[in-house]
file target-v2.tsv (TSV, C-alpha atoms)
chain	number	residue	atom	x	y	z
Z	1164	MET	CA	82.79	-125.94	163.79
Z	1165	ASN	CA	84.37	-123.02	161.99
Z	1166	PRO	CA	84.74	-124.27	158.36
Z	1167	ASP	CA	87.76	-122.07	157.59
Z	1168	TRP	CA	89.58	-123.32	160.67
Z	1169	GLN	CA	88.65	-126.90	159.84
Z	1170	LYS	CA	90.18	-126.50	156.38
Z	1171	PHE	CA	93.30	-124.99	157.89
Z	1172	ILE	CA	93.78	-127.83	160.39
Z	1173	GLU	CA	93.24	-130.37	157.64
Z	1174	SER	CA	95.87	-128.58	155.54
Z	1175	GLN	CA	98.26	-129.10	158.47
Z	1176	GLY	CA	97.65	-132.85	158.46
Z	1177	GLY	CA	94.78	-133.07	160.93
Z	1178	ILE	CA	91.80	-135.38	160.47
Z	1179	PHE	CA	88.58	-134.68	162.37
Z	1180	ASP	CA	86.57	-137.51	163.92
Z	1181	VAL	CA	82.81	-137.53	164.47
Z	1182	ASP	CA	83.22	-135.91	167.89
Z	1183	GLY	CA	85.09	-132.92	166.48
Z	1184	HIS	CA	88.52	-134.00	167.72
Z	1185	ALA	CA	91.44	-133.39	165.36
Z	1186	ARG	CA	93.92	-136.24	165.10
Z	1187	PHE	CA	97.44	-135.98	163.73
Z	1188	GLY	CA	98.47	-139.59	164.34
Z	1189	ASP	CA	98.09	-142.43	166.82
Z	1190	LEU	CA	96.61	-141.04	170.02
Z	1191	ARG	CA	98.74	-143.03	172.45
Z	1192	THR	CA	101.89	-142.07	170.54
Z	1193	ASP	CA	100.81	-138.42	170.70
Z	1194	ILE	CA	100.37	-138.69	174.47
Z	1195	GLN	CA	103.83	-140.20	174.78
Z	1196	THR	CA	105.20	-137.29	172.73
Z	1197	ALA	CA	103.49	-134.79	175.01
Z	1198	GLN	CA	105.29	-136.10	178.09
Z	1199	ASN	CA	108.63	-134.59	177.09
Z	1200	SER	CA	108.10	-132.42	174.01
Z	1201	THR	CA	106.50	-129.11	173.15
Z	1202	ILE	CA	103.14	-129.78	171.54
Z	1203	ILE	CA	100.35	-127.85	169.88
Z	1204	THR	CA	96.79	-129.14	169.69
Z	1205	ASP	CA	93.56	-128.01	168.08
Z	1206	LEU	CA	90.68	-127.30	170.46
Z	1207	SER	CA	87.78	-127.11	168.01
Z	1208	CYS	CA	85.87	-129.45	170.31
Z	1209	TYR	CA	85.15	-126.34	172.40
Z	1210	ALA	CA	82.89	-123.43	171.51
Z	1211	GLN	CA	82.58	-119.86	172.73
Z	1212	ILE	CA	79.56	-117.90	173.82
Z	1213	HIS	CA	80.13	-114.14	173.79
Z	1214	VAL	CA	78.19	-112.08	176.32
Z	1215	GLN	CA	78.07	-108.29	176.25
Z	1216	GLY	CA	75.84	-105.37	177.11
Z	1217	GLU	CA	75.25	-102.79	179.83
Z	1218	ASP	CA	73.89	-105.37	182.28
Z	1219	MET	CA	76.34	-108.16	181.38
Z	1220	GLU	CA	78.19	-108.37	184.69
Z	1221	THR	CA	75.06	-108.22	186.85
Z	1222	PHE	CA	73.36	-110.87	184.71
Z	1223	LEU	CA	76.28	-113.32	184.76
Z	1224	GLN	CA	76.87	-112.73	188.46
Z	1225	GLY	CA	73.37	-114.05	189.12
Z	1226	GLN	CA	73.91	-117.20	187.04
Z	1227	PHE	CA	77.30	-118.78	187.82
Z	1228	THR	CA	79.11	-120.24	190.84
Z	1229	ASN	CA	82.14	-117.94	190.70
Z	1230	ASP	CA	82.45	-114.20	191.24
Z	1231	ILE	CA	82.28	-112.66	187.77
Z	1232	ARG	CA	83.43	-109.31	189.19
Z	1233	LEU	CA	86.92	-110.79	189.62
Z	1234	ILE	CA	87.36	-111.28	185.87
Z	1235	ASP	CA	89.24	-108.66	183.89
Z	1236	GLU	CA	91.67	-108.55	180.97
Z	1237	ASN	CA	94.33	-110.26	183.11
Z	1238	HIS	CA	92.31	-112.84	185.05
Z	1239	SER	CA	90.25	-115.80	183.83
Z	1240	GLN	CA	88.33	-118.26	185.98
Z	1241	LEU	CA	86.50	-121.55	186.03
Z	1242	SER	CA	82.80	-121.30	186.83
Z	1243	ALA	CA	79.82	-123.64	186.74
Z	1244	TYR	CA	76.21	-123.10	185.70
Z	1245	CYS	CA	73.84	-125.09	187.92
Z	1246	THR	CA	70.24	-126.17	188.08
Z	1247	PRO	CA	68.10	-124.97	191.02
Z	1248	LYS	CA	69.03	-128.29	192.65
Z	1249	GLY	CA	72.73	-127.37	192.52
Z	1250	ARG	CA	73.65	-129.82	189.75
Z	1251	MET	CA	76.13	-128.61	187.14
Z	1252	LEU	CA	74.68	-128.06	183.68
Z	1253	ALA	CA	78.00	-126.84	182.31
Z	1254	LEU	CA	81.48	-125.80	183.34
Z	1255	PHE	CA	83.13	-122.78	181.68
Z	1256	ARG	CA	86.51	-121.16	181.30
Z	1257	ILE	CA	85.62	-117.45	181.42
Z	1258	TRP	CA	87.67	-114.38	180.47
Z	1259	ARG	CA	87.06	-110.81	179.34
Z	1260	THR	CA	88.65	-108.74	176.57
Z	1261	ALA	CA	89.22	-105.01	176.16
Z	1262	ASP	CA	86.17	-104.66	173.90
Z	1263	GLY	CA	83.94	-105.45	176.89
Z	1264	VAL	CA	83.05	-108.98	175.75
Z	1265	THR	CA	82.94	-111.82	178.28
Z	1266	HIS	CA	83.96	-115.14	176.71
Z	1267	LEU	CA	82.43	-118.41	177.92
Z	1268	LEU	CA	84.36	-121.46	176.69
Z	1269	LEU	CA	82.60	-124.82	176.98
Z	1270	PRO	CA	82.35	-128.14	175.11
Z	1271	GLY	CA	80.82	-127.55	171.69
Z	1272	GLU	CA	78.15	-130.19	172.25
Z	1273	LEU	CA	76.65	-128.06	175.05
Z	1274	GLN	CA	76.82	-124.65	173.40
Z	1275	GLU	CA	73.38	-124.51	171.79
Z	1276	GLY	CA	71.45	-125.80	174.80
Z	1277	ILE	CA	73.27	-123.59	177.31
Z	1278	SER	CA	72.85	-120.52	175.12
Z	1279	LYS	CA	69.11	-121.11	174.90
Z	1280	ARG	CA	68.80	-121.62	178.65
Z	1281	LEU	CA	70.73	-118.46	179.47
Z	1282	ARG	CA	68.63	-116.39	177.06
Z	1283	ILE	CA	65.49	-117.42	178.92
Z	1284	TYR	CA	66.74	-115.53	181.98
Z	1285	VAL	CA	67.90	-112.39	180.17
Z	1286	MET	CA	64.34	-110.98	180.23
Z	1287	ARG	CA	64.63	-107.18	180.20
Z	1288	ALA	CA	68.33	-107.03	180.98
Z	1289	LYS	CA	70.51	-105.24	178.44
Z	1290	VAL	CA	72.51	-108.32	177.54
Z	1291	THR	CA	73.22	-110.19	174.31
Z	1292	LEU	CA	74.56	-113.72	173.92
Z	1293	GLU	CA	75.88	-115.15	170.67
Z	1294	HIS	CA	77.78	-118.20	169.52
Z	1295	ALA	CA	81.15	-116.79	168.41
Z	1296	GLU	CA	81.72	-119.01	165.38
Z	1297	ASN	CA	84.52	-116.76	164.12
Z	1298	MET	CA	86.63	-117.41	167.22
Z	1299	VAL	CA	88.82	-120.51	167.50
Z	1300	GLN	CA	91.33	-121.82	170.02
Z	1301	PHE	CA	94.32	-124.12	170.33
Z	1302	GLY	CA	96.57	-125.35	173.13
Z	1303	LEU	CA	100.35	-125.03	173.43
Z	1304	THR	CA	102.52	-126.56	176.14
Z	1305	GLY	CA	105.89	-128.11	176.82
Z	1306	PRO	CA	109.44	-127.06	177.66
Z	1307	LYS	CA	109.72	-124.58	174.78
Z	1308	ALA	CA	106.17	-123.21	174.83
Z	1309	SER	CA	106.97	-119.92	176.58
Z	1310	GLN	CA	110.03	-119.42	174.38
Z	1311	ILE	CA	107.91	-119.94	171.25
Z	1312	LEU	CA	105.37	-117.37	172.42
Z	1313	LYS	CA	108.12	-114.91	173.25
Z	1314	SER	CA	109.62	-115.32	169.76
Z	1315	ALA	CA	106.20	-114.41	168.32
Z	1316	GLY	CA	106.18	-111.22	170.37
Z	1317	ILE	CA	103.60	-112.52	172.84
Z	1318	GLU	CA	103.79	-111.53	176.50
Z	1319	TYR	CA	102.58	-114.75	178.08
Z	1320	PRO	CA	100.93	-115.02	181.54
Z	1321	GLU	CA	103.06	-116.68	184.22
Z	1322	THR	CA	100.48	-117.76	186.82
Z	1323	VAL	CA	97.61	-120.22	186.50
Z	1324	ASP	CA	94.34	-118.60	185.35
Z	1325	ALA	CA	96.12	-115.37	184.38
Z	1326	CYS	CA	95.55	-114.15	180.82
Z	1327	ASN	CA	96.87	-111.57	178.42
Z	1328	THR	CA	95.33	-110.15	175.26
Z	1329	THR	CA	97.82	-109.66	172.43
Z	1330	ALA	CA	97.71	-108.78	168.75
Z	1331	TRP	CA	97.27	-112.49	168.07
Z	1332	GLY	CA	94.45	-113.08	170.55
Z	1333	THR	CA	94.05	-114.00	174.22
Z	1334	VAL	CA	96.59	-116.26	175.94
Z	1335	ILE	CA	95.51	-117.99	179.17
Z	1336	ALA	CA	97.74	-119.98	181.51
Z	1337	ILE	CA	96.18	-123.33	182.43
Z	1338	ALA	CA	97.44	-125.74	185.11
Z	1339	GLY	CA	99.82	-128.38	183.78
Z	1340	PRO	CA	99.48	-132.12	184.38
Z	1341	THR	CA	101.59	-132.00	187.55
Z	1342	SER	CA	102.22	-129.42	190.24
Z	1343	THR	CA	105.77	-128.86	188.91
Z	1344	SER	CA	105.13	-129.07	185.16
Z	1345	CYS	CA	105.08	-126.21	182.66
Z	1346	HIS	CA	101.90	-124.23	182.33
Z	1347	ARG	CA	99.68	-124.99	179.40
Z	1348	PHE	CA	98.63	-122.06	177.25
Z	1349	LEU	CA	95.11	-121.80	175.87
Z	1350	ILE	CA	95.16	-119.36	172.94
Z	1351	SER	CA	91.96	-117.90	171.50
Z	1352	GLY	CA	91.43	-115.52	168.62
Z	1353	PRO	CA	90.07	-114.95	165.10
Z	1354	THR	CA	90.69	-117.73	162.58
Z	1355	HIS	CA	93.21	-116.00	160.31
Z	1356	GLN	CA	95.35	-114.75	163.20
Z	1357	LEU	CA	95.50	-118.09	164.97
Z	1358	ALA	CA	96.28	-119.89	161.71
Z	1359	SER	CA	99.36	-117.67	161.32
Z	1360	LEU	CA	100.37	-118.19	164.95
Z	1361	TRP	CA	99.90	-121.98	164.62
Z	1362	LYS	CA	102.33	-122.02	161.71
Z	1363	LYS	CA	104.87	-120.00	163.68
Z	1364	CYS	CA	104.61	-122.41	166.62
Z	1365	VAL	CA	105.17	-125.43	164.37
Z	1366	GLN	CA	108.12	-123.72	162.68
Z	1367	GLN	CA	109.62	-123.16	166.14
Z	1368	GLY	CA	109.40	-126.88	166.96
Z	1369	ALA	CA	105.93	-127.51	168.40
Z	1370	ALA	CA	104.65	-130.96	167.38
Z	1371	ALA	CA	100.99	-131.09	166.30
Z	1372	VAL	CA	99.15	-133.77	168.28
Z	1373	SER	CA	95.59	-135.02	168.70
Z	1374	SER	CA	93.23	-132.73	170.62
Z	1375	GLN	CA	92.50	-135.51	173.12
Z	1376	VAL	CA	96.03	-135.06	174.46
Z	1377	TRP	CA	94.73	-131.84	176.07
Z	1378	HIS	CA	91.99	-133.86	177.79
Z	1379	TRP	CA	94.59	-136.38	179.00
Z	1380	MET	CA	96.48	-133.47	180.54
Z	1381	ASP	CA	93.25	-132.28	182.19
Z	1382	ILE	CA	92.98	-135.70	183.84
Z	1383	HIS	CA	96.46	-135.39	185.33
Z	1384	ALA	CA	95.84	-131.77	186.33
Z	1385	GLY	CA	92.63	-132.83	188.10
Z	1386	LEU	CA	90.50	-130.45	186.02
Z	1387	PRO	CA	86.95	-131.75	185.51
Z	1388	SER	CA	84.72	-131.36	182.48
Z	1389	VAL	CA	80.97	-131.49	182.01
Z	1390	VAL	CA	79.61	-133.01	178.80
Z	1391	THR	CA	76.16	-134.09	177.68
Z	1392	ALA	CA	76.48	-137.46	179.42
Z	1393	THR	CA	77.36	-135.87	182.77
Z	1394	SER	CA	75.32	-132.66	182.65
Z	1395	GLU	CA	73.12	-132.37	185.79
Z	1396	ALA	CA	74.99	-135.26	187.45
Z	1397	PHE	CA	77.14	-133.49	190.05
Z	1398	ILE	CA	77.18	-130.58	192.44
Z	1399	PRO	CA	80.35	-128.44	192.14
Z	1400	GLN	CA	82.11	-129.80	195.24
Z	1401	MET	CA	81.84	-133.36	193.94
Z	1402	ALA	CA	83.98	-132.26	190.98
Z	1403	ASN	CA	86.47	-130.51	193.34
Z	1404	LEU	CA	85.50	-127.03	192.11
Z	1405	ASP	CA	85.88	-125.78	195.67
Z	1406	LEU	CA	89.53	-126.92	195.54
Z	1407	ILE	CA	90.42	-125.32	192.19
Z	1408	GLN	CA	88.81	-121.89	192.67
Z	1409	GLY	CA	85.68	-122.70	190.67
Z	1410	VAL	CA	83.20	-121.64	193.40
Z	1411	ASN	CA	82.98	-118.45	195.40
Z	1412	PHE	CA	80.98	-118.88	198.61
Z	1413	LYS	CA	80.69	-115.15	199.35
Z	1414	LYS	CA	79.36	-113.86	196.01
Z	1415	GLY	CA	75.61	-114.08	196.57
Z	1416	CYS	CA	72.73	-115.82	194.84
Z	1417	TYR	CA	72.70	-117.94	191.68
Z	1418	PRO	CA	70.69	-121.02	190.66
Z	1419	GLY	CA	71.44	-123.80	193.14
Z	1420	GLN	CA	73.43	-121.51	195.45
Z	1421	GLU	CA	71.50	-122.49	198.57
Z	1422	ILE	CA	72.22	-126.19	198.06
Z	1423	VAL	CA	75.88	-125.62	197.16
Z	1424	ALA	CA	76.38	-123.41	200.23
Z	1425	ARG	CA	74.52	-125.80	202.53
Z	1426	MET	CA	76.77	-128.65	201.41
Z	1427	GLN	CA	79.83	-126.53	202.12
Z	1428	TYR	CA	78.86	-125.38	205.59
Z	1429	LEU	CA	76.32	-127.86	206.94
Z	1430	GLY	CA	76.39	-131.01	204.84
Z	1431	LYS	CA	78.67	-134.00	204.62
Z	1432	LEU	CA	80.06	-134.53	201.15
Z	1433	LYS	CA	79.74	-138.18	200.18
Z	1434	GLN	CA	81.39	-138.03	196.76
Z	1435	ARG	CA	84.62	-136.54	195.44
Z	1436	MET	CA	86.57	-136.56	192.19
Z	1437	TYR	CA	89.66	-138.77	192.06
Z	1438	ARG	CA	92.23	-139.78	189.47
Z	1439	PHE	CA	92.69	-143.43	188.59
Z	1440	SER	CA	94.76	-145.59	186.29
Z	1441	THR	CA	94.14	-149.09	185.00
Z	1442	ALA	CA	95.82	-151.65	182.76
Z	1443	ASP	CA	92.35	-152.56	181.48
Z	1444	GLU	CA	91.81	-151.61	177.82
Z	1445	ARG	CA	88.03	-151.97	177.73
Z	1446	GLY	CA	86.08	-149.15	176.13
Z	1447	CYS	CA	84.53	-146.67	178.54
Z	1448	LYS	CA	83.39	-143.08	178.34
Z	1449	PRO	CA	82.21	-140.14	180.46
Z	1450	GLY	CA	78.98	-140.96	182.22
Z	1451	ASP	CA	79.73	-144.68	182.60
Z	1452	THR	CA	79.02	-146.22	186.00
Z	1453	LEU	CA	81.64	-147.59	188.41
Z	1454	TYR	CA	81.09	-150.19	191.12
Z	1455	ALA	CA	82.36	-151.19	194.57
Z	1456	HIS	CA	81.74	-154.13	196.91
Z	1457	GLU	CA	80.16	-151.85	199.50
Z	1458	PHE	CA	77.45	-150.72	197.06
Z	1459	GLY	CA	76.62	-154.01	195.32
Z	1460	GLU	CA	74.65	-153.41	192.11
Z	1461	GLN	CA	74.24	-149.73	192.89
Z	1462	SER	CA	76.52	-147.11	191.38
Z	1463	ALA	CA	79.63	-146.25	193.35
Z	1464	GLY	CA	80.81	-143.61	190.93
Z	1465	THR	CA	80.74	-142.06	187.46
Z	1466	ILE	CA	83.50	-141.52	184.91
Z	1467	VAL	CA	84.19	-137.83	184.21
Z	1468	GLU	CA	87.00	-138.19	181.65
Z	1469	VAL	CA	89.03	-141.10	180.26
Z	1470	GLN	CA	91.97	-141.24	177.84
Z	1471	PRO	CA	94.65	-143.79	176.87
Z	1472	ALA	CA	97.67	-143.91	179.17
Z	1473	PRO	CA	101.12	-143.51	177.62
Z	1474	GLY	CA	102.34	-146.95	178.64
Z	1475	GLY	CA	99.09	-148.82	178.03
Z	1476	GLY	CA	95.77	-149.01	179.79
Z	1477	MET	CA	93.81	-145.87	180.63
Z	1478	ASP	CA	93.92	-142.77	182.79
Z	1479	ILE	CA	90.62	-141.72	184.36
Z	1480	LEU	CA	88.96	-138.94	186.29
Z	1481	ALA	CA	85.90	-140.18	188.16
Z	1482	ILE	CA	83.56	-138.92	190.85
Z	1483	THR	CA	83.06	-141.74	193.33
Z	1484	GLN	CA	81.64	-142.43	196.74
Z	1485	ILE	CA	84.23	-141.56	199.39
Z	1486	LYS	CA	83.14	-144.63	201.33
Z	1487	ALA	CA	84.03	-146.82	198.34
Z	1488	ILE	CA	87.49	-145.25	198.10
Z	1489	GLU	CA	88.06	-146.07	201.75
Z	1490	GLY	CA	86.88	-149.63	201.11
Z	1491	GLU	CA	88.04	-152.45	198.83
Z	1492	GLY	CA	88.36	-150.47	195.62
Z	1493	ILE	CA	86.53	-149.17	192.56
Z	1494	TYR	CA	85.68	-151.37	189.56
Z	1495	PHE	CA	84.31	-151.08	186.02
Z	1496	ASP	CA	81.65	-153.70	186.67
Z	1497	SER	CA	79.77	-155.40	189.47
Z	1498	GLY	CA	81.81	-158.54	188.82
Z	1499	TYR	CA	84.79	-156.75	190.40
Z	1500	THR	CA	87.22	-158.16	187.82
Z	1501	GLN	CA	89.93	-155.49	188.07
Z	1502	ALA	CA	90.23	-152.64	190.55
Z	1503	LEU	CA	91.20	-149.17	189.37
Z	1504	LYS	CA	94.42	-147.86	190.90
Z	1505	LEU	CA	94.01	-144.61	192.79
Z	1506	GLN	CA	96.51	-141.89	191.83
Z	1507	GLU	CA	97.39	-138.57	193.44
Z	1508	LEU	CA	96.05	-135.24	192.24
Z	1509	PRO	CA	98.48	-132.31	191.83
Z	1510	TYR	CA	96.57	-130.00	194.16
Z	1511	LYS	CA	96.36	-130.48	197.88
Z	1512	ALA	CA	93.03	-131.34	199.40
Z	1513	THR	CA	91.68	-132.49	202.72
Z	1514	LEU	CA	90.37	-135.86	201.63
Z	1515	PRO	CA	89.88	-139.11	203.52
Z	1516	ALA	CA	92.75	-141.51	203.93
Z	1517	CYS	CA	92.72	-143.55	200.75
Z	1518	LYS	CA	94.07	-146.91	199.76
Z	1519	MET	CA	96.65	-146.35	197.02
call {"tool": "encode", "arguments": {"input": "target-v2.tsv", "output": "structure tokens"}}
result
Amino acid sequence: MNPDWQKFIESQGGIFDVDGHARFGDLRTDIQTAQNSTIITDLSCYAQIHVQGEDMETFLQGQFTNDIRLIDENHSQLSAYCTPKGRMLALFRIWRTADGVTHLLLPGELQEGISKRLRIYVMRAKVTLEHAENMVQFGLTGPKASQILKSAGIEYPETVDACNTTAWGTVIAIAGPTSTSCHRFLISGPTHQLASLWKKCVQQGAAAVSSQVWHWMDIHAGLPSVVTATSEAFIPQMANLDLIQGVNFKKGCYPGQEIVARMQYLGKLKQRMYRFSTADERGCKPGDTLYAHEFGEQSAGTIVEVQPAPGGGMDILAITQIKAIEGEGIYFDSGYTQALKLQELPYKATLPACKM
């Protein structure tokens, strides 16, 4: 974590936990605040890898699931990095700036391992990869978010995945927690510039909240994440990447491409990502197993993300067996003590008829 940014966030009342999440108060209260207010949240839990060089585009095009050629100063994208077996090692938000640098944003816990793996395949290509420790990011969203950016002289993007580089840094529009909600804005830039912008946002009425609020919004937006506990667990379609423009099936070869393409055109997908809620307060985390009557002691699914729900209980993203969804429900344990309640995702998908 950038030590200067950490000191700044702490000076603003934030307290970092062992996982690198900044907290400004009770998490559930923060999530309640985020439902109707404009909020700002630290995103130090993510890290950036900067890629540049004469062969940058060709190199990245041969590594990731999306078409890197579609990225420019005004368009970002989601893209996955897979094993030869088509399993996702990491999931990135990718954008490019005017200086020719391609930015890969991913969970900080994966940065070192992914950087090392990518460097193995650079070989003689004219490409450099470095951990951009001087770059930080925060999130801004809510009814006054666009107005706050405008007051700071920032021309904000108006469509999901669009981005704009300003004097402050790069601003990227991210899908909100519902299909009709305000966009979220991911803002990235050098420490001193973002510290100044953070202060301006707070002065304009943005409430500082815990960084996990952003992850709660990802759950409701149906945006998956890949962390250490779930790395190499899923192919992209299981995590709905084919439904949120995270895979391009016409771009050509990359590690695992044959398996991903075969699943799309010839295979039958047996697992999908769904959103659930539960009144259960038991502790659970990404990578934990879910169960269903139809599968007995065998796994029927895996938790992708989980956060407290505003009114109690938990909100969950999980990749589960489609057959289990069509059956008698999904449970935390093989004792089937309390079924998770299936909730709708904000994007439309051709999925099996599900018991709500």
call {"tool": "closest_atom_pairs", "arguments": {"input": "target-v2.tsv", "of": "region 1269-1375 of chain Z", "to": "region 1198-1216 of chain Z", "cutoff": "9 Å", "atoms": "all atoms listed in the file", "output": "tab-separated table"}}
result
residue	atom	partner	partner_atom	distance
Z:Leu1269	CA	Z:Tyr1209	CA	5.5
Z:Pro1270	CA	Z:Tyr1209	CA	4.3
Z:Gly1271	CA	Z:Tyr1209	CA	4.6
Z:Glu1272	CA	Z:Tyr1209	CA	8.0
Z:Leu1273	CA	Z:Ala1210	CA	8.5
Z:Gln1274	CA	Z:Ala1210	CA	6.5
Z:Ser1278	CA	Z:Ile1212	CA	7.3
Z:Ala1288	CA	Z:Gly1216	CA	8.6
Z:Lys1289	CA	Z:Gly1216	CA	5.5
Z:Val1290	CA	Z:Gly1216	CA	4.5
Z:Thr1291	CA	Z:Gln1215	CA	5.6
Z:Leu1292	CA	Z:Val1214	CA	4.7
Z:Glu1293	CA	Z:His1213	CA	5.4
Z:His1294	CA	Z:Ile1212	CA	4.7
Z:Ala1295	CA	Z:Gln1211	CA	5.5
Z:Glu1296	CA	Z:Gln1211	CA	7.4
Z:Met1298	CA	Z:Gln1211	CA	7.3
Z:Val1299	CA	Z:Ser1207	CA	6.7
Z:Gln1300	CA	Z:Leu1206	CA	5.5
Z:Phe1301	CA	Z:Asp1205	CA	4.6
Z:Gly1302	CA	Z:Thr1204	CA	5.1
Z:Leu1303	CA	Z:Ile1203	CA	4.5
Z:Thr1304	CA	Z:Thr1201	CA	5.6
Z:Gly1305	CA	Z:Thr1201	CA	3.9
Z:Pro1306	CA	Z:Thr1201	CA	5.8
Z:Lys1307	CA	Z:Thr1201	CA	5.8
Z:Ala1308	CA	Z:Thr1201	CA	6.1
Z:Leu1349	CA	Z:Leu1206	CA	8.9
Z:Trp1361	CA	Z:Ile1203	CA	7.9
Z:Cys1364	CA	Z:Ile1203	CA	7.6
Z:Val1365	CA	Z:Ile1203	CA	7.7
Z:Gly1368	CA	Z:Thr1201	CA	7.2
Z:Ala1369	CA	Z:Ile1202	CA	4.8
Z:Ala1370	CA	Z:Ile1202	CA	4.6
Z:Ala1371	CA	Z:Ile1203	CA	4.9
Z:Val1372	CA	Z:Thr1204	CA	5.4
Z:Ser1373	CA	Z:Thr1204	CA	6.1
Z:Ser1374	CA	Z:Thr1204	CA	5.1
Z:Gln1375	CA	Z:Thr1204	CA	8.4
call {"tool": "residues_around", "arguments": {"input": "target-v2.tsv", "residues": "Thr1483 (chain Z)", "least_positions_apart": "6", "cutoff": "12 Å", "atoms": "only C-alpha atoms", "output": "PyMOL selection string"}}
result
chain Z and resi 1396-1397+1401-1403+1432-1439+1450-1455+1458+1461-1467+1489-1490+1492-1495+1503+1505
call {"tool": "closest_residue", "arguments": {"input": "target-v2.tsv", "among": "Z:Asn1237, Z:Ser1497, Z:Thr1265, Z:Thr1246", "to": "Glu1421 (chain Z)", "atoms": "all atoms listed in the file"}}
result
Z:Thr1246
call {"tool": "axis_aligned_box", "arguments": {"input": "target-v2.tsv", "around": "region 1464-1471 of chain Z", "padding_each_side": "8 Å", "output": "JSON"}}
result
{"center_x": 87.7, "center_y": -140.8, "center_z": 183.9, "size_x": 29.9, "size_y": 22.0, "size_z": 30.1}
call {"tool": "atom_distance", "arguments": {"input": "target-v2.tsv", "atom1": "CA of Trp1377 (chain Z)", "atom2": "CA of Thr1228 (chain Z)"}}
result
24.4 Å
call {"tool": "residues_near_point", "arguments": {"input": "target-v2.tsv", "point": "(75.4, -120.8, 197.1)", "cutoff": "9 Å", "atoms": "all atoms listed in the file", "output": "list of chain:residue names"}}
result
Z:Thr1228, Z:Gly1249, Z:Val1410, Z:Asn1411, Z:Phe1412, Z:Lys1413, Z:Lys1414, Z:Gly1415, Z:Cys1416, Z:Tyr1417, Z:Pro1418, Z:Gly1419, Z:Gln1420, Z:Glu1421, Z:Ile1422, Z:Val1423, Z:Ala1424, Z:Arg1425, Z:Gln1427
call {"tool": "write_last_selection", "arguments": {"input": "target-v2.tsv", "atoms": "C-alpha atoms", "output": "mmCIF file, keeping the file's coordinate frame"}}
result
data_model
loop_
_atom_site.group_PDB
_atom_site.id
_atom_site.type_symbol
_atom_site.label_atom_id
_atom_site.label_comp_id
_atom_site.auth_asym_id
_atom_site.auth_seq_id
_atom_site.Cartn_x
_atom_site.Cartn_y
_atom_site.Cartn_z
ATOM 1 C CA THR Z 1228 79.110 -120.240 190.840
ATOM 2 C CA GLY Z 1249 72.730 -127.370 192.520
ATOM 3 C CA VAL Z 1410 83.200 -121.640 193.400
ATOM 4 C CA ASN Z 1411 82.980 -118.450 195.400
ATOM 5 C CA PHE Z 1412 80.980 -118.880 198.610
ATOM 6 C CA LYS Z 1413 80.690 -115.150 199.350
ATOM 7 C CA LYS Z 1414 79.360 -113.860 196.010
ATOM 8 C CA GLY Z 1415 75.610 -114.080 196.570
ATOM 9 C CA CYS Z 1416 72.730 -115.820 194.840
ATOM 10 C CA TYR Z 1417 72.700 -117.940 191.680
ATOM 11 C CA PRO Z 1418 70.690 -121.020 190.660
ATOM 12 C CA GLY Z 1419 71.440 -123.800 193.140
ATOM 13 C CA GLN Z 1420 73.430 -121.510 195.450
ATOM 14 C CA GLU Z 1421 71.500 -122.490 198.570
ATOM 15 C CA ILE Z 1422 72.220 -126.190 198.060
ATOM 16 C CA VAL Z 1423 75.880 -125.620 197.160
ATOM 17 C CA ALA Z 1424 76.380 -123.410 200.230
ATOM 18 C CA ARG Z 1425 74.520 -125.800 202.530
ATOM 19 C CA GLN Z 1427 79.830 -126.530 202.120
#
call {"tool": "atom_distance", "arguments": {"input": "target-v2.tsv", "atom1": "CA of Leu1254 (chain Z)", "atom2": "CA of Asn1165 (chain Z)"}}
result
21.7 Å
call {"tool": "closest_residue", "arguments": {"input": "target-v2.tsv", "among": "Z:Lys1279, Z:Met1286, Z:His1378, Z:Gly1430", "to": "His1184 (chain Z)", "atoms": "all atoms listed in the file"}}
result
Z:His1378
